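Each remark here refers to the structure printed beneath this line.
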Amino acid sequence: MYHVYTEKNNSDLTRVFIMETPDFEIAYEKAQEAIKGKEGLNYIIEQTDGSFNSYGDLITTVVARG
């Protein structure tokens, strides 16, 4: 599963969830669409297999950033 987020100026505090999809191509298209024409806005696409760590946090890997 892929999660798409946007954030301003690479700040985790401004991260906004956009969508979740099983298809990377759709995630990438939506990420590009979300930042189009918006100065200082970046996207992050994270992949997860649904596993959690010992603290109960979802384990994710960043697969694209732009």
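How things are named: the first chain in the structure tokens is A, the next is B, and so on; residues count from 1 in each chain; ligands count from 1 in the order shown.
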Counting only C-alpha atoms, what is within 12 Å of region 61-66 of chain A, bar same-chain residues fewer than 6 positions away, as a PDB file with N, CA and C atoms, in the first residue's frame?
ATOM      1  N   MET A   1       0.848  -1.164   0.000  1.00  0.00           N
ATOM      2  CA  MET A   1       0.000   0.000   0.000  1.00  0.00           C
ATOM      3  C   MET A   1       0.901   1.238   0.000  1.00  0.00           C
ATOM      4  N   TYR A   2       0.489   2.253  -0.720  1.00  0.00           N
ATOM      5  CA  TYR A   2       1.243   3.501  -0.800  1.00  0.00           C
ATOM      6  C   TYR A   2       0.429   4.630  -0.179  1.00  0.00           C
ATOM      7  N   HIS A   3       1.085   5.463   0.610  1.00  0.00           N
ATOM      8  CA  HIS A   3       0.467   6.642   1.216  1.00  0.00           C
ATOM      9  C   HIS A   3       1.100   7.869   0.594  1.00  0.00           C
ATOM     10  N   VAL A   4       0.276   8.839   0.222  1.00  0.00           N
ATOM     11  CA  VAL A   4       0.754  10.073  -0.393  1.00  0.00           C
ATOM     12  C   VAL A   4       0.517  11.226   0.578  1.00  0.00           C
ATOM     13  N   TYR A   5       1.551  12.028   0.787  1.00  0.00           N
ATOM     14  CA  TYR A   5       1.482  13.190   1.667  1.00  0.00           C
ATOM     15  C   TYR A   5       2.048  14.405   0.949  1.00  0.00           C
ATOM     16  N   THR A   6       1.630  15.585   1.395  1.00  0.00           N
ATOM     17  CA  THR A   6       2.299  16.818   0.991  1.00  0.00           C
ATOM     18  C   THR A   6       2.822  17.489   2.252  1.00  0.00           C
ATOM     19  N   GLU A   7       3.850  18.301   2.075  1.00  0.00           N
ATOM     20  CA  GLU A   7       4.369  19.078   3.193  1.00  0.00           C
ATOM     21  C   GLU A   7       5.015  20.344   2.655  1.00  0.00           C
ATOM     22  N   LYS A   8       5.019  21.387   3.471  1.00  0.00           N
ATOM     23  CA  LYS A   8       5.603  22.665   3.079  1.00  0.00           C
ATOM     24  C   LYS A   8       7.049  22.733   3.550  1.00  0.00           C
ATOM     25  N   ASN A   9       7.927  23.080   2.628  1.00  0.00           N
ATOM     26  CA  ASN A   9       9.347  23.305   2.925  1.00  0.00           C
ATOM     27  C   ASN A   9       9.976  22.173   3.722  1.00  0.00           C
ATOM     28  N   ASN A  10       9.631  20.922   3.411  1.00  0.00           N
ATOM     29  CA  ASN A  10      10.199  19.723   4.047  1.00  0.00           C
ATOM     30  C   ASN A  10      10.053  19.710   5.562  1.00  0.00           C
ATOM     31  N   PHE A  24       1.465   2.187  -7.327  1.00  0.00           N
ATOM     32  CA  PHE A  24       2.459   3.259  -7.255  1.00  0.00           C
ATOM     33  C   PHE A  24       2.224   4.324  -8.316  1.00  0.00           C
ATOM     34  N   GLU A  25       1.851   3.925  -9.516  1.00  0.00           N
ATOM     35  CA  GLU A  25       1.632   4.892 -10.598  1.00  0.00           C
ATOM     36  C   GLU A  25       0.530   5.889 -10.248  1.00  0.00           C
ATOM     37  N   ALA A  27      -0.384   6.673  -7.177  1.00  0.00           N
ATOM     38  CA  ALA A  27       0.152   7.480  -6.080  1.00  0.00           C
ATOM     39  C   ALA A  27       1.035   8.596  -6.620  1.00  0.00           C
ATOM     40  N   TYR A  28       1.883   8.269  -7.586  1.00  0.00           N
ATOM     41  CA  TYR A  28       2.795   9.266  -8.165  1.00  0.00           C
ATOM     42  C   TYR A  28       2.021  10.355  -8.905  1.00  0.00           C
ATOM     43  N   GLU A  29       1.019   9.970  -9.682  1.00  0.00           N
ATOM     44  CA  GLU A  29       0.199  10.946 -10.410  1.00  0.00           C
ATOM     45  C   GLU A  29      -0.514  11.899  -9.444  1.00  0.00           C
ATOM     46  N   ALA A  31       0.350  12.615  -6.371  1.00  0.00           N
ATOM     47  CA  ALA A  31       1.355  13.436  -5.689  1.00  0.00           C
ATOM     48  C   ALA A  31       1.748  14.615  -6.565  1.00  0.00           C
ATOM     49  N   GLN A  32       1.988  14.368  -7.844  1.00  0.00           N
ATOM     50  CA  GLN A  32       2.343  15.441  -8.773  1.00  0.00           C
ATOM     51  C   GLN A  32       1.202  16.444  -8.905  1.00  0.00           C
ATOM     52  N   GLU A  33      -0.001  15.935  -8.969  1.00  0.00           N
ATOM     53  CA  GLU A  33      -1.197  16.771  -9.080  1.00  0.00           C
ATOM     54  C   GLU A  33      -1.372  17.669  -7.845  1.00  0.00           C
ATOM     55  N   ALA A  34      -1.075  17.117  -6.671  1.00  0.00           N
ATOM     56  CA  ALA A  34      -1.281  17.841  -5.413  1.00  0.00           C
ATOM     57  C   ALA A  34      -0.341  19.028  -5.248  1.00  0.00           C
ATOM     58  N   ILE A  35       0.851  18.953  -5.846  1.00  0.00           N
ATOM     59  CA  ILE A  35       1.817  20.051  -5.669  1.00  0.00           C
ATOM     60  C   ILE A  35       1.907  20.974  -6.875  1.00  0.00           C
ATOM     61  N   LYS A  36       1.230  20.630  -7.953  1.00  0.00           N
ATOM     62  CA  LYS A  36       1.317  21.402  -9.195  1.00  0.00           C
ATOM     63  C   LYS A  36       0.939  22.867  -8.969  1.00  0.00           C
ATOM     64  N   GLY A  40       6.845  25.858  -2.824  1.00  0.00           N
ATOM     65  CA  GLY A  40       7.244  25.425  -1.495  1.00  0.00           C
ATOM     66  C   GLY A  40       6.553  24.166  -1.000  1.00  0.00           C
ATOM     67  N   LEU A  41       5.703  23.568  -1.822  1.00  0.00           N
ATOM     68  CA  LEU A  41       4.990  22.351  -1.424  1.00  0.00           C
ATOM     69  C   LEU A  41       5.692  21.141  -2.045  1.00  0.00           C
ATOM     70  N   ASN A  42       5.970  20.138  -1.243  1.00  0.00           N
ATOM     71  CA  ASN A  42       6.641  18.917  -1.683  1.00  0.00           C
ATOM     72  C   ASN A  42       5.725  17.727  -1.441  1.00  0.00           C
ATOM     73  N   TYR A  43       6.020  16.609  -2.118  1.00  0.00           N
ATOM     74  CA  TYR A  43       5.250  15.383  -1.885  1.00  0.00           C
ATOM     75  C   TYR A  43       6.153  14.295  -1.321  1.00  0.00           C
ATOM     76  N   ILE A  44       5.530  13.364  -0.639  1.00  0.00           N
ATOM     77  CA  ILE A  44       6.209  12.185  -0.118  1.00  0.00           C
ATOM     78  C   ILE A  44       5.304  10.994  -0.391  1.00  0.00           C
ATOM     79  N   ILE A  45       5.889   9.922  -0.921  1.00  0.00           N
ATOM     80  CA  ILE A  45       5.146   8.684  -1.112  1.00  0.00           C
ATOM     81  C   ILE A  45       5.833   7.632  -0.249  1.00  0.00           C
ATOM     82  N   GLU A  46       5.059   7.041   0.646  1.00  0.00           N
ATOM     83  CA  GLU A  46       5.578   6.010   1.539  1.00  0.00           C
ATOM     84  C   GLU A  46       4.910   4.680   1.217  1.00  0.00           C
ATOM     85  N   GLN A  47       5.680   3.597   1.346  1.00  0.00           N
ATOM     86  CA  GLN A  47       5.146   2.258   1.123  1.00  0.00           C
ATOM     87  C   GLN A  47       5.095   1.516   2.450  1.00  0.00           C
ATOM     88  N   THR A  48       4.038   0.733   2.632  1.00  0.00           N
ATOM     89  CA  THR A  48       3.905  -0.079   3.836  1.00  0.00           C
ATOM     90  C   THR A  48       3.303  -1.431   3.479  1.00  0.00           C
ATOM     91  N   ASP A  49       3.667  -2.428   4.283  1.00  0.00           N
ATOM     92  CA  ASP A  49       3.061  -3.748   4.095  1.00  0.00           C
ATOM     93  C   ASP A  49       2.061  -4.051   5.210  1.00  0.00           C
ATOM     94  N   GLY A  50       1.794  -3.047   6.047  1.00  0.00           N
ATOM     95  CA  GLY A  50       0.823  -3.215   7.125  1.00  0.00           C
ATOM     96  C   GLY A  50       1.428  -3.658   8.441  1.00  0.00           C
ATOM     97  N   SER A  51       2.762  -3.748   8.517  1.00  0.00           N
ATOM     98  CA  SER A  51       3.439  -4.172   9.748  1.00  0.00           C
ATOM     99  C   SER A  51       3.561  -3.008  10.731  1.00  0.00           C
TER     100      SER A  51
END
Residues of chain A in strand (DSSP E or B), written as an MDAnalysis selection string: chainID A and resid 2:8 16:21 41:47 52 58 61:65
Which of chain A fall in helix (DSSP H, G or I), as a PyMOL selection string: chain A and resi 12-14+24-35
Take the selection from the previous step and output its residues with C-alpha atoms, as a short mmCIF file (atom, residue, chain, number, x, y, z; two decimals), in the first residue's frame.
data_model
loop_
_atom_site.label_atom_id
_atom_site.label_comp_id
_atom_site.auth_asym_id
_atom_site.auth_seq_id
_atom_site.Cartn_x
_atom_site.Cartn_y
_atom_site.Cartn_z
CA ASP A 12 7.04 17.19 9.16
CA LEU A 13 4.77 19.55 11.11
CA THR A 14 3.00 20.60 7.90
CA PHE A 24 2.46 3.26 -7.25
CA GLU A 25 1.63 4.89 -10.60
CA ILE A 26 -1.63 6.30 -9.23
CA ALA A 27 0.15 7.48 -6.08
CA TYR A 28 2.79 9.27 -8.16
CA GLU A 29 0.20 10.95 -10.41
CA LYS A 30 -1.81 12.18 -7.41
CA ALA A 31 1.36 13.44 -5.69
CA GLN A 32 2.34 15.44 -8.77
CA GLU A 33 -1.20 16.77 -9.08
CA ALA A 34 -1.28 17.84 -5.41
CA ILE A 35 1.82 20.05 -5.67
#
